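Quick notes on the structure that follows.
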Amino acid sequence: MKTSKFVITIGACVLLLLTGAPVWGAKGGIPGKPPPSDDPPPDAVVEDFYFWRWGHMDGPHDSSKALGISRDGFTAVGSTVVVDFQRAWRSDIDWAINTNLDGDTIPPLYNELQVQEDIGKIAPSRPSAAFAASDMTEGTVDGCPGYDKTDLSNLSLDWCGSLPVGTYDKGEVTYGIEWLLPVLDAEDGYEFLNLTDFVAFPDFGGGISDMQVNDVSVDGSILVGTGNVKKGLRAFRVDTVEGPFDEEGVPIPVQLTIQEVIDDVEGQTLQYSSAQAVSADGTIIAGYGGTRNGNKAFVTIFEGTEVDADGNVVALLTSTILPKIPGGRFAEAYAMTETPEGVIYIAGRSDSPRGPQACIWFEGDDPTTTDVVETWVVKGLGGLSKKKLDSVATGIAYRAGAVDGDLMVVGTSQSILYPSEAFVWAGNPVIEEEDVPEDEVIGYMYDLEYILTKTGAGAASSFGSRWILNEATGVSALGDRIVGWGTNPEGGIEAWVVTGYPLEELGPLLSYEE
């Protein structure tokens, strides 16, 4: 069962503490340079740039991880290890960071306030995890107005149309799932009903029951993910409004066969596939699949369905196999964003002669020819260690007008000190540095811990120096909120959220002094 974009590290997590004076770290994010100064800058870049510890659910626990965030940045989702299995949770970010009971500058984010709502209750004592959530379509630009966020004694949560998606295990069957209603206030013994409290998809029919929803459209109606057939993994798309539906009214996942067609000539067909990301309107899907020669990243346009001669519903797709970095053996797509004009950018990783590295794909001029040919091109983003590249992008955002470049990518990378650290890359989608106009910048890649420290946001958050931010798992569409997990000062695995990530130029502030 998937528990992050890659692996879940089982650790130890203790009750959330937000006290203690900050201690400035001595490690940085760019290899081959001196460490940053021990002295913090005098002021944070922006007042709202903040790091939040996100605690854990109630009960015996070992770790918590934030695994995704909605496009509007209002909903975080993830899983917490309770006893010996994972359990899905959801969190209203704006509500959580405004639970200021004592008038202090840092809210007491203990889970007695239900910072992490236990949505795994639909399958008591069974593993579950949430990976994404739709937007608060019934809310406002300020989030969900449906309940009084200051009245903690009479808390009654309202999701305002935001629907988490993920997976849950029920005995021998693993379901893909979309949660429909808050379950926080349900009484013990309440029987959660499919199609009323949640929608669950058992399998494709006759296949292996191992389903997982990885992403959801902005309105919650289109879900994409991965299931199993007898021949291996198979990407799927579910339309909860238009169907198709089975005799009980449960939406049927439509399998996606990824076949590239160039100039009306059929190309390669992926033997297996996994849908990882979907566009806001649910029509464009990205992911990866493979053949015997390794994984290949793909993007496909959903153009409807038809019924074949055997009575099966078949997806009509226009698919493209995305290019690898020259010399690489594999590529995988994990995230997608789009501009207000509908331009798509995709993020993931590609192997390269220097090792696997985070990358982005976008449509542009084919760099292999002097002819004017529009195609998908790939740009490697490097990593936090120059000795060995091992990085992957798990989230991407388009920030119109940002000084450091319109694109922002988050993920995880091997660094000079740790096998996995959260990074932020910001820049413009250019292929080579020499192609950049003088009035534009390539951007930067730094580990997020270093950014928090050097901008002063870490000090404002009582971040301290003993956190290791292992993985950034998602970013809001505007790039202002990032979620992930890390190793806290007590040595446990804990979810975190960063808010107010600035659009200002951070490059000079983050540069090392020679």
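By convention here, the chains of the structure tokens are called A, B, ... in the order presented, each chain's residues are numbered starting at 1, and ligands are numbered starting at 1 in the order presented.
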
>> Taking only range 413-497 of chain A into account, list the residues labelled strand (DSSP E) by DSSP (computed from the backbone), as a ChimeraX atom specification.
In response: /A:413,421-427,443-447,468-475,482-487,493-497

task: Do a neighbour search on Asn194 in chain A at 10 Å with only C-alpha atoms, toss out local chain neighbours closer than 4 positions, and write the hits as a PyMOL selection string.
output: chain A and resi 122+177-180+198-201+249-250

Go ahead and dump the residues you just picked, C-alpha atoms, as a PDB file, in the first residue's frame.
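Saved as selection01.pdb:
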```pdb
ATOM      1  CA  ILE A 122     -14.581   4.169   8.206  1.00  0.00           C
ATOM      2  CA  ILE A 177     -11.510   5.577  -1.784  1.00  0.00           C
ATOM      3  CA  GLU A 178     -12.947   9.089  -1.746  1.00  0.00           C
ATOM      4  CA  TRP A 179     -14.213  10.379   1.610  1.00  0.00           C
ATOM      5  CA  LEU A 180     -17.450  12.395   1.312  1.00  0.00           C
ATOM      6  CA  PHE A 198     -17.510   7.503   1.187  1.00  0.00           C
ATOM      7  CA  VAL A 199     -17.102   5.941  -2.264  1.00  0.00           C
ATOM      8  CA  ALA A 200     -14.875   2.856  -2.484  1.00  0.00           C
ATOM      9  CA  PHE A 201     -13.669   0.968  -5.560  1.00  0.00           C
ATOM     10  CA  GLY A 249     -24.397   2.640  -8.257  1.00  0.00           C
ATOM     11  CA  VAL A 250     -20.658   2.439  -7.496  1.00  0.00           C
TER      12      VAL A 250
END
```

(request) Tell me, as a ChimeraX atom specification, which residues lie within 7 Å of range 329-346 of chain A, counting only C-alpha atoms; anything in the same chain fewer than 2 positions away does not count. (result) /A:276-279,286-288,294-298,324,327,348-351,360-362,394-398

Dump as a JSON list (two decimals), in the first residue's frame, selection limited to C-alpha atoms:
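Contents of again.json, as written:
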```json
[["chain", "number", "residue", "atom", "x", "y", "z"],
["A", 276, "GLN", "CA", -0.15, 9.82, -10.46],
["A", 277, "ALA", "CA", -1.59, 13.26, -11.26],
["A", 278, "VAL", "CA", -4.63, 14.77, -12.95],
["A", 279, "SER", "CA", -5.36, 18.27, -14.24],
["A", 286, "ALA", "CA", 0.33, 12.06, -15.98],
["A", 287, "GLY", "CA", 2.17, 9.14, -14.50],
["A", 288, "TYR", "CA", 4.51, 6.36, -15.46],
["A", 294, "GLY", "CA", 12.32, 0.27, -17.55],
["A", 295, "ASN", "CA", 9.79, 2.88, -16.47],
["A", 296, "LYS", "CA", 8.66, 5.62, -18.82],
["A", 297, "ALA", "CA", 6.86, 8.84, -17.89],
["A", 298, "PHE", "CA", 3.69, 9.65, -19.81],
["A", 324, "LYS", "CA", 14.23, 10.97, -20.55],
["A", 327, "GLY", "CA", 21.74, 8.84, -21.20],
["A", 348, "GLY", "CA", 8.95, 13.89, -11.57],
["A", 349, "ARG", "CA", 12.33, 12.34, -12.06],
["A", 350, "SER", "CA", 14.54, 11.01, -14.82],
["A", 351, "ASP", "CA", 17.60, 8.87, -14.69],
["A", 360, "ILE", "CA", 10.24, 18.99, -15.24],
["A", 361, "TRP", "CA", 8.57, 18.50, -18.62],
["A", 362, "PHE", "CA", 6.96, 21.18, -20.75],
["A", 394, "THR", "CA", 6.76, 15.34, -5.92],
["A", 395, "GLY", "CA", 4.97, 18.68, -6.35],
["A", 396, "ILE", "CA", 4.92, 21.62, -8.77],
["A", 397, "ALA", "CA", 3.24, 25.05, -8.78],
["A", 398, "TYR", "CA", 2.94, 27.99, -11.18]]
```

Computed gap from CA of Asp210 in chain A to CA of Ile119 in chain A is 19.7 Å

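Across the structure, CA of Ile93 in chain A and CA of Gly73 in chain A are spaced 7.8 Å apart.
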
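Interatomic distance, CA of Arg481 in chain A to CA of Val497 in chain A: 7.1 Å.
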
Exercise for review: Fewer than 5 positions away in the same chain doesn't count, so skip those; otherwise give me all residues within 6 Å of range 409-426 of chain A, counting only C-alpha atoms, as a ChimeraX atom specification.
Suggested key: /A:383-385,390-396,443-448,469-472

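You can rank A:Ile321, A:Ile284, A:Ala275, A:Lys231 by their closest distance to Glu260 in chain A using only C-alpha atoms, and at the top of that list sits A:Ile321.
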
If you count only C-alpha atoms, the residue of A:Gly290, A:Pro489, A:Gly120, A:Gly68 closest to Gly464 in chain A turns out to be A:Pro489

Across A:Gly176, A:Thr196, A:Thr283, A:Glu242, the smallest distance to Gly227 in chain A, with only C-alpha atoms counted, is shown by A:Gly176
